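Heads up, final08.pdb below (PDB, N, CA and C atoms):
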ATOM      1  N   MET A 116      34.019 -19.428   5.726
ATOM      2  CA  MET A 116      33.194 -19.234   6.892
ATOM      3  C   MET A 116      31.731 -19.143   6.464
ATOM      4  N   GLU A 117      30.877 -19.949   7.075
ATOM      5  CA  GLU A 117      29.457 -19.953   6.745
ATOM      6  C   GLU A 117      28.686 -19.028   7.669
ATOM      7  N   THR A 118      27.677 -18.394   7.084
ATOM      8  CA  THR A 118      26.800 -17.573   7.918
ATOM      9  C   THR A 118      25.494 -18.311   8.090
ATOM     10  N   GLU A 119      24.920 -18.153   9.251
ATOM     11  CA  GLU A 119      23.656 -18.826   9.529
ATOM     12  C   GLU A 119      22.519 -18.093   8.827
ATOM     13  N   LYS A 120      21.712 -18.814   8.071
ATOM     14  CA  LYS A 120      20.577 -18.214   7.378
ATOM     15  C   LYS A 120      19.303 -18.561   8.124
ATOM     16  N   LYS A 121      18.440 -17.572   8.246
ATOM     17  CA  LYS A 121      17.152 -17.801   8.883
ATOM     18  C   LYS A 121      16.215 -18.432   7.869
ATOM     19  N   PRO A 122      15.503 -19.469   8.254
ATOM     20  CA  PRO A 122      14.547 -20.058   7.309
ATOM     21  C   PRO A 122      13.409 -19.094   7.027
ATOM     22  N   PHE A 123      13.016 -19.001   5.768
ATOM     23  CA  PHE A 123      11.952 -18.085   5.362
ATOM     24  C   PHE A 123      10.814 -18.854   4.724
ATOM     25  N   GLU A 124      10.762 -20.109   4.915
ATOM     26  CA  GLU A 124       9.868 -21.069   4.284
ATOM     27  C   GLU A 124       8.478 -20.525   3.994
ATOM     28  N   GLY A 125       8.372 -19.676   2.967
ATOM     29  CA  GLY A 125       7.076 -19.182   2.533
ATOM     30  C   GLY A 125       6.405 -18.225   3.499
ATOM     31  N   LYS A 126       7.084 -17.879   4.585
ATOM     32  CA  LYS A 126       6.486 -16.948   5.540
ATOM     33  C   LYS A 126       6.515 -15.546   4.970
ATOM     34  N   GLU A 127       5.479 -14.814   5.279
ATOM     35  CA  GLU A 127       5.407 -13.407   4.894
ATOM     36  C   GLU A 127       6.389 -12.633   5.762
ATOM     37  N   ALA A 128       7.020 -11.639   5.183
ATOM     38  CA  ALA A 128       7.962 -10.810   5.927
ATOM     39  C   ALA A 128       7.223 -10.065   7.039
ATOM     40  N   GLU A 129       7.912  -9.862   8.156
ATOM     41  CA  GLU A 129       7.336  -9.161   9.298
ATOM     42  C   GLU A 129       7.061  -7.701   8.950
ATOM     43  N   ILE A 130       5.920  -7.196   9.383
ATOM     44  CA  ILE A 130       5.570  -5.795   9.164
ATOM     45  C   ILE A 130       6.168  -4.978  10.303
ATOM     46  N   LEU A 131       7.027  -4.023   9.947
ATOM     47  CA  LEU A 131       7.696  -3.182  10.934
ATOM     48  C   LEU A 131       6.919  -1.897  11.210
ATOM     49  N   PHE A 132       6.142  -1.452  10.230
ATOM     50  CA  PHE A 132       5.373  -0.207  10.314
ATOM     51  C   PHE A 132       4.211  -0.351   9.348
ATOM     52  N   SER A 133       3.045   0.181   9.714
ATOM     53  CA  SER A 133       1.887   0.032   8.836
ATOM     54  C   SER A 133       0.936   1.211   8.983
ATOM     55  N   ARG A 134       0.337   1.596   7.873
ATOM     56  CA  ARG A 134      -0.727   2.601   7.849
ATOM     57  C   ARG A 134      -1.824   2.080   6.925
ATOM     58  N   THR A 135      -3.056   2.401   7.283
ATOM     59  CA  THR A 135      -4.213   2.009   6.495
ATOM     60  C   THR A 135      -4.911   3.265   6.002
ATOM     61  N   VAL A 136      -5.265   3.274   4.718
ATOM     62  CA  VAL A 136      -5.984   4.397   4.133
ATOM     63  C   VAL A 136      -7.299   3.845   3.583
ATOM     64  N   LYS A 137      -8.413   4.262   4.188
ATOM     65  CA  LYS A 137      -9.730   3.833   3.712
ATOM     66  C   LYS A 137     -10.215   4.868   2.718
ATOM     67  N   ALA A 138     -10.592   4.417   1.527
ATOM     68  CA  ALA A 138     -10.992   5.328   0.454
ATOM     69  C   ALA A 138     -12.168   4.723  -0.300
ATOM     70  N   GLY A 139     -13.367   4.983   0.176
ATOM     71  CA  GLY A 139     -14.557   4.447  -0.487
ATOM     72  C   GLY A 139     -14.593   2.936  -0.400
ATOM     73  N   GLN A 140     -14.709   2.278  -1.547
ATOM     74  CA  GLN A 140     -14.774   0.819  -1.597
ATOM     75  C   GLN A 140     -13.385   0.162  -1.548
ATOM     76  N   ARG A 141     -12.359   0.985  -1.472
ATOM     77  CA  ARG A 141     -10.993   0.451  -1.464
ATOM     78  C   ARG A 141     -10.321   0.747  -0.132
ATOM     79  N   ILE A 142      -9.383  -0.122   0.216
ATOM     80  CA  ILE A 142      -8.523   0.105   1.375
ATOM     81  C   ILE A 142      -7.093  -0.075   0.885
ATOM     82  N   TYR A 143      -6.232   0.864   1.251
ATOM     83  CA  TYR A 143      -4.824   0.785   0.903
ATOM     84  C   TYR A 143      -4.031   0.520   2.177
ATOM     85  N   TYR A 144      -3.129  -0.451   2.102
ATOM     86  CA  TYR A 144      -2.243  -0.763   3.212
ATOM     87  C   TYR A 144      -0.829  -0.386   2.784
ATOM     88  N   ILE A 145      -0.189   0.450   3.567
ATOM     89  CA  ILE A 145       1.191   0.848   3.292
ATOM     90  C   ILE A 145       2.029   0.279   4.426
ATOM     91  N   ASP A 146       2.799  -0.743   4.120
ATOM     92  CA  ASP A 146       3.579  -1.457   5.129
ATOM     93  C   ASP A 146       5.069  -1.332   4.854
ATOM     94  N   VAL A 147       5.848  -1.224   5.923
ATOM     95  CA  VAL A 147       7.298  -1.316   5.814
ATOM     96  C   VAL A 147       7.668  -2.715   6.283
ATOM     97  N   LYS A 148       8.364  -3.438   5.420
ATOM     98  CA  LYS A 148       8.790  -4.802   5.727
ATOM     99  C   LYS A 148      10.300  -4.893   5.585
ATOM    100  N   GLN A 149      10.838  -6.059   5.955
ATOM    101  CA  GLN A 149      12.276  -6.261   5.873
ATOM    102  C   GLN A 149      12.542  -7.598   5.181
ATOM    103  N   ASN A 150      13.464  -7.579   4.200
ATOM    104  CA  ASN A 150      13.777  -8.827   3.503
ATOM    105  C   ASN A 150      14.823  -9.629   4.279
ATOM    106  N   ARG A 151      15.210 -10.760   3.748
ATOM    107  CA  ARG A 151      16.155 -11.646   4.435
ATOM    108  C   ARG A 151      17.523 -11.020   4.637
ATOM    109  N   LYS A 152      17.861 -10.052   3.815
ATOM    110  CA  LYS A 152      19.149  -9.366   3.938
ATOM    111  C   LYS A 152      19.090  -8.235   4.955
ATOM    112  N   GLY A 153      17.922  -8.002   5.548
ATOM    113  CA  GLY A 153      17.765  -6.930   6.523
ATOM    114  C   GLY A 153      17.438  -5.586   5.890
ATOM    115  N   GLU A 154      17.165  -5.563   4.581
ATOM    116  CA  GLU A 154      16.849  -4.320   3.881
ATOM    117  C   GLU A 154      15.344  -4.057   3.971
ATOM    118  N   MET A 155      15.011  -2.826   4.328
ATOM    119  CA  MET A 155      13.601  -2.458   4.429
ATOM    120  C   MET A 155      13.055  -2.050   3.062
ATOM    121  N   TYR A 156      11.767  -2.289   2.865
ATOM    122  CA  TYR A 156      11.087  -1.915   1.627
ATOM    123  C   TYR A 156       9.630  -1.630   1.931
ATOM    124  N   LEU A 157       8.961  -0.946   1.002
ATOM    125  CA  LEU A 157       7.533  -0.683   1.135
ATOM    126  C   LEU A 157       6.737  -1.753   0.400
ATOM    127  N   SER A 158       5.660  -2.164   1.019
ATOM    128  CA  SER A 158       4.688  -3.035   0.383
ATOM    129  C   SER A 158       3.377  -2.261   0.385
ATOM    130  N   ILE A 159       2.884  -1.925  -0.805
ATOM    131  CA  ILE A 159       1.639  -1.167  -0.920
ATOM    132  C   ILE A 159       0.585  -2.103  -1.502
ATOM    133  N   THR A 160      -0.506  -2.279  -0.755
ATOM    134  CA  THR A 160      -1.565  -3.197  -1.164
ATOM    135  C   THR A 160      -2.873  -2.443  -1.315
ATOM    136  N   GLU A 161      -3.535  -2.665  -2.445
ATOM    137  CA  GLU A 161      -4.886  -2.153  -2.654
ATOM    138  C   GLU A 161      -5.823  -3.337  -2.472
ATOM    139  N   SER A 162      -6.823  -3.181  -1.626
ATOM    140  CA  SER A 162      -7.815  -4.224  -1.406
ATOM    141  C   SER A 162      -9.181  -3.650  -1.758
ATOM    142  N   LYS A 163      -9.896  -4.343  -2.642
ATOM    143  CA  LYS A 163     -11.201  -3.867  -3.097
ATOM    144  C   LYS A 163     -12.240  -4.958  -2.832
ATOM    145  N   LYS A 164     -13.315  -4.571  -2.177
ATOM    146  CA  LYS A 164     -14.396  -5.500  -1.872
ATOM    147  C   LYS A 164     -15.161  -5.821  -3.150
ATOM    148  N   MET A 165     -15.361  -7.097  -3.418
ATOM    149  CA  MET A 165     -16.073  -7.548  -4.607
ATOM    150  C   MET A 165     -17.286  -8.384  -4.180
ATOM    151  N   LEU A 166     -18.416  -8.112  -4.805
ATOM    152  CA  LEU A 166     -19.629  -8.879  -4.542
ATOM    153  C   LEU A 166     -20.006  -9.662  -5.785
ATOM    154  N   SER A 167     -20.418 -10.925  -5.594
ATOM    155  CA  SER A 167     -20.874 -11.744  -6.714
ATOM    156  C   SER A 167     -22.031 -12.615  -6.227
ATOM    157  N   GLY A 168     -22.722 -13.226  -7.168
ATOM    158  CA  GLY A 168     -23.848 -14.074  -6.803
ATOM    159  C   GLY A 168     -25.137 -13.283  -6.729
ATOM    160  N   PRO A 169     -26.203 -13.927  -6.274
ATOM    161  CA  PRO A 169     -27.509 -13.255  -6.206
ATOM    162  C   PRO A 169     -27.518 -12.126  -5.178
ATOM    163  N   GLN A 170     -28.366 -11.116  -5.429
ATOM    164  CA  GLN A 170     -28.412  -9.953  -4.550
ATOM    165  C   GLN A 170     -28.879 -10.292  -3.142
ATOM    166  N   ASP A 171     -29.748 -11.302  -3.014
ATOM    167  CA  ASP A 171     -30.252 -11.646  -1.682
ATOM    168  C   ASP A 171     -29.229 -12.424  -0.850
ATOM    169  N   MET A 172     -28.223 -13.042  -1.494
ATOM    170  CA  MET A 172     -27.160 -13.769  -0.781
ATOM    171  C   MET A 172     -25.831 -13.581  -1.512
ATOM    172  N   PRO A 173     -25.331 -12.360  -1.534
ATOM    173  CA  PRO A 173     -24.086 -12.128  -2.283
ATOM    174  C   PRO A 173     -22.868 -12.785  -1.627
ATOM    175  N   GLN A 174     -21.950 -13.191  -2.462
ATOM    176  CA  GLN A 174     -20.673 -13.730  -1.997
ATOM    177  C   GLN A 174     -19.696 -12.570  -1.942
ATOM    178  N   VAL A 175     -19.011 -12.417  -0.816
ATOM    179  CA  VAL A 175     -18.055 -11.333  -0.650
ATOM    180  C   VAL A 175     -16.643 -11.882  -0.796
ATOM    181  N   SER A 176     -15.857 -11.214  -1.627
ATOM    182  CA  SER A 176     -14.437 -11.551  -1.747
ATOM    183  C   SER A 176     -13.658 -10.247  -1.865
ATOM    184  N   TYR A 177     -12.357 -10.351  -1.760
ATOM    185  CA  TYR A 177     -11.510  -9.163  -1.847
ATOM    186  C   TYR A 177     -10.465  -9.368  -2.924
ATOM    187  N   GLU A 178     -10.384  -8.404  -3.818
ATOM    188  CA  GLU A 178      -9.378  -8.420  -4.876
ATOM    189  C   GLU A 178      -8.203  -7.587  -4.371
ATOM    190  N   LYS A 179      -7.008  -8.160  -4.406
ATOM    191  CA  LYS A 179      -5.841  -7.454  -3.882
ATOM    192  C   LYS A 179      -4.775  -7.305  -4.953
ATOM    193  N   HIS A 180      -4.139  -6.139  -4.941
ATOM    194  CA  HIS A 180      -3.015  -5.865  -5.825
ATOM    195  C   HIS A 180      -1.884  -5.315  -4.967
ATOM    196  N   LYS A 181      -0.667  -5.784  -5.209
ATOM    197  CA  LYS A 181       0.480  -5.346  -4.410
ATOM    198  C   LYS A 181       1.583  -4.806  -5.298
ATOM    199  N   ILE A 182       2.297  -3.823  -4.744
ATOM    200  CA  ILE A 182       3.555  -3.411  -5.350
ATOM    201  C   ILE A 182       4.588  -3.360  -4.229
ATOM    202  N   PHE A 183       5.818  -3.643  -4.578
ATOM    203  CA  PHE A 183       6.926  -3.596  -3.639
ATOM    204  C   PHE A 183       7.882  -2.529  -4.126
ATOM    205  N   LEU A 184       8.270  -1.647  -3.233
ATOM    206  CA  LEU A 184       9.115  -0.521  -3.586
ATOM    207  C   LEU A 184      10.338  -0.522  -2.677
ATOM    208  N   PHE A 185      11.518  -0.630  -3.295
ATOM    209  CA  PHE A 185      12.761  -0.685  -2.540
ATOM    210  C   PHE A 185      13.400   0.694  -2.464
ATOM    211  N   LYS A 186      14.170   0.926  -1.397
ATOM    212  CA  LYS A 186      14.650   2.282  -1.088
ATOM    213  C   LYS A 186      15.477   2.904  -2.189
ATOM    214  N   GLU A 187      16.156   2.105  -3.000
ATOM    215  CA  GLU A 187      16.934   2.699  -4.090
ATOM    216  C   GLU A 187      16.042   3.344  -5.153
ATOM    217  N   ASP A 188      14.755   3.027  -5.116
ATOM    218  CA  ASP A 188      13.806   3.596  -6.080
ATOM    219  C   ASP A 188      12.888   4.658  -5.460
ATOM    220  N   PHE A 189      13.026   4.942  -4.163
ATOM    221  CA  PHE A 189      12.137   5.890  -3.491
ATOM    222  C   PHE A 189      12.138   7.253  -4.174
ATOM    223  N   GLY A 190      13.306   7.784  -4.481
ATOM    224  CA  GLY A 190      13.393   9.124  -5.076
ATOM    225  C   GLY A 190      12.672   9.210  -6.408
ATOM    226  N   LYS A 191      12.917   8.237  -7.277
ATOM    227  CA  LYS A 191      12.258   8.229  -8.587
ATOM    228  C   LYS A 191      10.744   8.086  -8.439
ATOM    229  N   PHE A 192      10.331   7.210  -7.534
ATOM    230  CA  PHE A 192       8.905   6.984  -7.310
ATOM    231  C   PHE A 192       8.260   8.255  -6.748
ATOM    232  N   GLN A 193       8.924   8.873  -5.785
ATOM    233  CA  GLN A 193       8.426  10.093  -5.161
ATOM    234  C   GLN A 193       8.267  11.214  -6.193
ATOM    235  N   ASP A 194       9.278  11.380  -7.053
ATOM    236  CA  ASP A 194       9.211  12.410  -8.096
ATOM    237  C   ASP A 194       8.058  12.153  -9.065
ATOM    238  N   ALA A 195       7.931  10.907  -9.514
ATOM    239  CA  ALA A 195       6.872  10.564 -10.464
ATOM    240  C   ALA A 195       5.487  10.730  -9.832
ATOM    241  N   LEU A 196       5.341  10.323  -8.578
ATOM    242  CA  LEU A 196       4.057  10.466  -7.895
ATOM    243  C   LEU A 196       3.708  11.939  -7.720
ATOM    244  N   ARG A 197       4.671  12.752  -7.315
ATOM    245  CA  ARG A 197       4.433  14.187  -7.154
ATOM    246  C   ARG A 197       3.996  14.800  -8.484
ATOM    247  N   GLU A 198       4.703  14.460  -9.575
ATOM    248  CA  GLU A 198       4.346  14.999 -10.894
ATOM    249  C   GLU A 198       2.934  14.577 -11.303
ATOM    250  N   ALA A 199       2.589  13.330 -11.071
ATOM    251  CA  ALA A 199       1.261  12.839 -11.442
ATOM    252  C   ALA A 199       0.172  13.528 -10.618
ATOM    253  N   LEU A 200       0.400  13.684  -9.310
ATOM    254  CA  LEU A 200      -0.576  14.357  -8.455
ATOM    255  C   LEU A 200      -0.755  15.808  -8.871
ATOM    256  N   ASN A 201       0.354  16.490  -9.147
ATOM    257  CA  ASN A 201       0.279  17.889  -9.580
ATOM    258  C   ASN A 201      -0.431  18.019 -10.922
ATOM    259  N   PHE A 202      -0.202  17.078 -11.840
ATOM    260  CA  PHE A 202      -0.879  17.102 -13.139
ATOM    261  C   PHE A 202      -2.394  17.035 -12.955
ATOM    262  N   VAL A 203      -2.848  16.095 -12.127
ATOM    263  CA  VAL A 203      -4.287  15.945 -11.902
ATOM    264  C   VAL A 203      -4.858  17.202 -11.249
ATOM    265  N   LYS A 204      -4.157  17.736 -10.240
ATOM    266  CA  LYS A 204      -4.634  18.962  -9.577
ATOM    267  C   LYS A 204      -4.699  20.126 -10.556
ATOM    268  N   ASP A 205      -3.687  20.267 -11.421
ATOM    269  CA  ASP A 205      -3.675  21.349 -12.401
ATOM    270  C   ASP A 205      -4.812  21.204 -13.407
ATOM    271  N   GLU A 206      -5.103  19.982 -13.814
ATOM    272  CA  GLU A 206      -6.142  19.734 -14.817
ATOM    273  C   GLU A 206      -7.551  19.800 -14.236
ATOM    274  N   GLN A 207      -7.718  19.288 -13.015
ATOM    275  CA  GLN A 207      -9.076  19.163 -12.473
ATOM    276  C   GLN A 207      -9.280  19.857 -11.134
ATOM    277  N   GLY A 208      -8.276  20.506 -10.612
ATOM    278  CA  GLY A 208      -8.405  21.187  -9.324
ATOM    279  C   GLY A 208      -8.355  20.205  -8.163
ATOM    280  N   GLU A 209      -8.495  20.750  -6.977
ATOM    281  CA  GLU A 209      -8.478  19.935  -5.765
ATOM    282  C   GLU A 209      -9.739  19.082  -5.695
ATOM    283  N   ALA A 210      -9.595  17.862  -5.223
ATOM    284  CA  ALA A 210     -10.749  16.971  -5.052
ATOM    285  C   ALA A 210     -11.416  17.270  -3.723
ATOM    286  N   PRO A 211     -12.751  17.177  -3.688
ATOM    287  CA  PRO A 211     -13.422  17.337  -2.392
ATOM    288  C   PRO A 211     -13.025  16.178  -1.479
ATOM    289  N   GLU A 212     -12.904  16.466  -0.209
ATOM    290  CA  GLU A 212     -12.476  15.433   0.738
ATOM    291  C   GLU A 212     -13.618  14.469   1.001
ATOM    292  N   ARG A 213     -13.294  13.173   1.065
ATOM    293  CA  ARG A 213     -14.296  12.148   1.367
ATOM    294  C   ARG A 213     -14.641  12.204   2.847
ATOM    295  N   VAL A 214     -15.889  11.901   3.150
ATOM    296  CA  VAL A 214     -16.295  11.749   4.538
ATOM    297  C   VAL A 214     -16.221  10.263   4.837
ATOM    298  N   GLU A 215     -15.361   9.905   5.755
ATOM    299  CA  GLU A 215     -15.134   8.501   6.104
ATOM    300  C   GLU A 215     -15.405   8.292   7.585
ATOM    301  N   ASN A 216     -15.260   7.051   8.006
ATOM    302  CA  ASN A 216     -15.350   6.751   9.431
ATOM    303  C   ASN A 216     -14.269   7.502  10.184
ATOM    304  N   SER A 217     -14.537   7.827  11.422
ATOM    305  CA  SER A 217     -13.575   8.575  12.212
ATOM    306  C   SER A 217     -12.341   7.754  12.563
ATOM    307  N   ASP A 218     -12.390   6.420  12.413
ATOM    308  CA  ASP A 218     -11.226   5.605  12.758
ATOM    309  C   ASP A 218     -10.243   5.475  11.601
ATOM    310  N   ALA A 219     -10.538   6.066  10.457
ATOM    311  CA  ALA A 219      -9.626   6.014   9.316
ATOM    312  C   ALA A 219      -8.448   6.941   9.575
ATOM    313  N   ILE A 220      -7.281   6.540   9.109
ATOM    314  CA  ILE A 220      -6.070   7.337   9.267
ATOM    315  C   ILE A 220      -5.856   8.139   8.003
ATOM    316  N   LYS A 221      -5.630   9.436   8.144
ATOM    317  CA  LYS A 221      -5.355  10.294   7.002
ATOM    318  C   LYS A 221      -3.856  10.437   6.851
ATOM    319  N   LEU A 222      -3.383  10.404   5.618
ATOM    320  CA  LEU A 222      -1.973  10.584   5.361
ATOM    321  C   LEU A 222      -1.761  11.904   4.658
ATOM    322  N   ASP A 223      -0.746  12.638   5.048
ATOM    323  CA  ASP A 223      -0.362  13.876   4.399
ATOM    324  C   ASP A 223       0.770  13.536   3.450
ATOM    325  N   LEU A 224       0.524  13.620   2.148
ATOM    326  CA  LEU A 224       1.509  13.188   1.165
ATOM    327  C   LEU A 224       2.351  14.325   0.631
ATOM    328  N   GLU A 225       2.777  15.237   1.488
ATOM    329  CA  GLU A 225       3.688  16.284   1.036
ATOM    330  C   GLU A 225       5.085  15.706   0.964
ATOM    331  N   PHE A 226       5.755  15.958  -0.149
ATOM    332  CA  PHE A 226       7.108  15.449  -0.325
ATOM    333  C   PHE A 226       8.094  16.586  -0.319
TER     334      PHE A 226
END
Would you kindly transcribe this structure into structure tokens?
Amino acid sequence: METEKKPFEGKEAEILFSRTVKAGQRIYYIDVKQNRKGEMYLSITESKKMLSGPQDMPQVSYEKHKIFLFKEDFGKFQDALREALNFVKDEQGEAPERVENSDAIKLDLEF
């Protein structure tokens, strides 16, 4: 018995949920997507504005880095992230909060 497969011809997976974190010159996109098997995963993208060329007419581009995190790895990732955050806080204390635009979404990363 054959199952019907949906064509995925290079299309980006649909975003089911998304949050944007603006942090200085960087923007982080945290998206929940779904693969062809119907399994949800996180896609975390860092986008950084880059300027090149002469100062009077700079060329603007964006450098992007992505990671994909699947649910079977959430626990390990969560534990490692918590440990890393706690290490930095223990070594350097709490960071002062950035003043950003009022339309930025703040995320509470308590695990």
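Proximity to Glu129 (chain A) at 7 Å, evaluated using only N, CA and C atoms and with sequence-adjacent residues fewer than 4 positions away removed, yields Val147, Lys148 and Gln149 of chain A.
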_Expected answer as an MDAnalysis selection string: strand (DSSP E) residues in region 150-210 of chain A_ = chainID A and resid 155:167 174:185
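Comparing the minimum interatomic distances between Glu212 (chain A) and each of A:Gly139, A:Ser133, A:Ala128, A:Val175, counting only C-alpha atoms, we find that A:Gly139 sits nearest.
Of note, CA of Asp205 (chain A) and CA of Phe192 (chain A) are spaced 19.8 Å apart.
Proximity ranking of A:Val214, A:Gln140, A:Glu127, A:Phe185 relative to Glu154 (chain A) places A:Phe185 first, based on all atoms listed in the file.
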Your completed region 190-207 of chain A with N, CA, C and O atoms, as a PDB file, in the coordinates of the input:
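out-v1.pdb was written with the following content:
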ATOM      1  N   GLY A 190      13.306   7.784  -4.481  1.00  0.00           N
ATOM      2  CA  GLY A 190      13.393   9.124  -5.076  1.00  0.00           C
ATOM      3  C   GLY A 190      12.672   9.210  -6.408  1.00  0.00           C
ATOM      4  O   GLY A 190      11.901  10.140  -6.641  1.00  0.00           O
ATOM      5  N   LYS A 191      12.917   8.237  -7.277  1.00  0.00           N
ATOM      6  CA  LYS A 191      12.258   8.229  -8.587  1.00  0.00           C
ATOM      7  C   LYS A 191      10.744   8.086  -8.439  1.00  0.00           C
ATOM      8  O   LYS A 191       9.969   8.756  -9.124  1.00  0.00           O
ATOM      9  N   PHE A 192      10.331   7.210  -7.534  1.00  0.00           N
ATOM     10  CA  PHE A 192       8.905   6.984  -7.310  1.00  0.00           C
ATOM     11  C   PHE A 192       8.260   8.255  -6.748  1.00  0.00           C
ATOM     12  O   PHE A 192       7.187   8.670  -7.193  1.00  0.00           O
ATOM     13  N   GLN A 193       8.924   8.873  -5.785  1.00  0.00           N
ATOM     14  CA  GLN A 193       8.426  10.093  -5.161  1.00  0.00           C
ATOM     15  C   GLN A 193       8.267  11.214  -6.193  1.00  0.00           C
ATOM     16  O   GLN A 193       7.249  11.898  -6.232  1.00  0.00           O
ATOM     17  N   ASP A 194       9.278  11.380  -7.053  1.00  0.00           N
ATOM     18  CA  ASP A 194       9.211  12.410  -8.096  1.00  0.00           C
ATOM     19  C   ASP A 194       8.058  12.153  -9.065  1.00  0.00           C
ATOM     20  O   ASP A 194       7.297  13.061  -9.402  1.00  0.00           O
ATOM     21  N   ALA A 195       7.931  10.907  -9.514  1.00  0.00           N
ATOM     22  CA  ALA A 195       6.872  10.564 -10.464  1.00  0.00           C
ATOM     23  C   ALA A 195       5.487  10.730  -9.832  1.00  0.00           C
ATOM     24  O   ALA A 195       4.562  11.239 -10.472  1.00  0.00           O
ATOM     25  N   LEU A 196       5.341  10.323  -8.578  1.00  0.00           N
ATOM     26  CA  LEU A 196       4.057  10.466  -7.895  1.00  0.00           C
ATOM     27  C   LEU A 196       3.708  11.939  -7.720  1.00  0.00           C
ATOM     28  O   LEU A 196       2.571  12.352  -7.970  1.00  0.00           O
ATOM     29  N   ARG A 197       4.671  12.752  -7.315  1.00  0.00           N
ATOM     30  CA  ARG A 197       4.433  14.187  -7.154  1.00  0.00           C
ATOM     31  C   ARG A 197       3.996  14.800  -8.484  1.00  0.00           C
ATOM     32  O   ARG A 197       3.041  15.571  -8.535  1.00  0.00           O
ATOM     33  N   GLU A 198       4.703  14.460  -9.575  1.00  0.00           N
ATOM     34  CA  GLU A 198       4.346  14.999 -10.894  1.00  0.00           C
ATOM     35  C   GLU A 198       2.934  14.577 -11.303  1.00  0.00           C
ATOM     36  O   GLU A 198       2.167  15.388 -11.833  1.00  0.00           O
ATOM     37  N   ALA A 199       2.589  13.330 -11.071  1.00  0.00           N
ATOM     38  CA  ALA A 199       1.261  12.839 -11.442  1.00  0.00           C
ATOM     39  C   ALA A 199       0.172  13.528 -10.618  1.00  0.00           C
ATOM     40  O   ALA A 199      -0.868  13.930 -11.152  1.00  0.00           O
ATOM     41  N   LEU A 200       0.400  13.684  -9.310  1.00  0.00           N
ATOM     42  CA  LEU A 200      -0.576  14.357  -8.455  1.00  0.00           C
ATOM     43  C   LEU A 200      -0.755  15.808  -8.871  1.00  0.00           C
ATOM     44  O   LEU A 200      -1.881  16.316  -8.952  1.00  0.00           O
ATOM     45  N   ASN A 201       0.354  16.490  -9.147  1.00  0.00           N
ATOM     46  CA  ASN A 201       0.279  17.889  -9.580  1.00  0.00           C
ATOM     47  C   ASN A 201      -0.431  18.019 -10.922  1.00  0.00           C
ATOM     48  O   ASN A 201      -1.193  18.968 -11.135  1.00  0.00           O
ATOM     49  N   PHE A 202      -0.202  17.078 -11.840  1.00  0.00           N
ATOM     50  CA  PHE A 202      -0.879  17.102 -13.139  1.00  0.00           C
ATOM     51  C   PHE A 202      -2.394  17.035 -12.955  1.00  0.00           C
ATOM     52  O   PHE A 202      -3.138  17.823 -13.534  1.00  0.00           O
ATOM     53  N   VAL A 203      -2.848  16.095 -12.127  1.00  0.00           N
ATOM     54  CA  VAL A 203      -4.287  15.945 -11.902  1.00  0.00           C
ATOM     55  C   VAL A 203      -4.858  17.202 -11.249  1.00  0.00           C
ATOM     56  O   VAL A 203      -5.917  17.705 -11.656  1.00  0.00           O
ATOM     57  N   LYS A 204      -4.157  17.736 -10.240  1.00  0.00           N
ATOM     58  CA  LYS A 204      -4.634  18.962  -9.577  1.00  0.00           C
ATOM     59  C   LYS A 204      -4.699  20.126 -10.556  1.00  0.00           C
ATOM     60  O   LYS A 204      -5.654  20.907 -10.544  1.00  0.00           O
ATOM     61  N   ASP A 205      -3.687  20.267 -11.421  1.00  0.00           N
ATOM     62  CA  ASP A 205      -3.675  21.349 -12.401  1.00  0.00           C
ATOM     63  C   ASP A 205      -4.812  21.204 -13.407  1.00  0.00           C
ATOM     64  O   ASP A 205      -5.414  22.188 -13.825  1.00  0.00           O
ATOM     65  N   GLU A 206      -5.103  19.982 -13.814  1.00  0.00           N
ATOM     66  CA  GLU A 206      -6.142  19.734 -14.817  1.00  0.00           C
ATOM     67  C   GLU A 206      -7.551  19.800 -14.236  1.00  0.00           C
ATOM     68  O   GLU A 206      -8.464  20.267 -14.898  1.00  0.00           O
ATOM     69  N   GLN A 207      -7.718  19.288 -13.015  1.00  0.00           N
ATOM     70  CA  GLN A 207      -9.076  19.163 -12.473  1.00  0.00           C
ATOM     71  C   GLN A 207      -9.280  19.857 -11.134  1.00  0.00           C
ATOM     72  O   GLN A 207     -10.375  19.791 -10.579  1.00  0.00           O
TER      73      GLN A 207
END
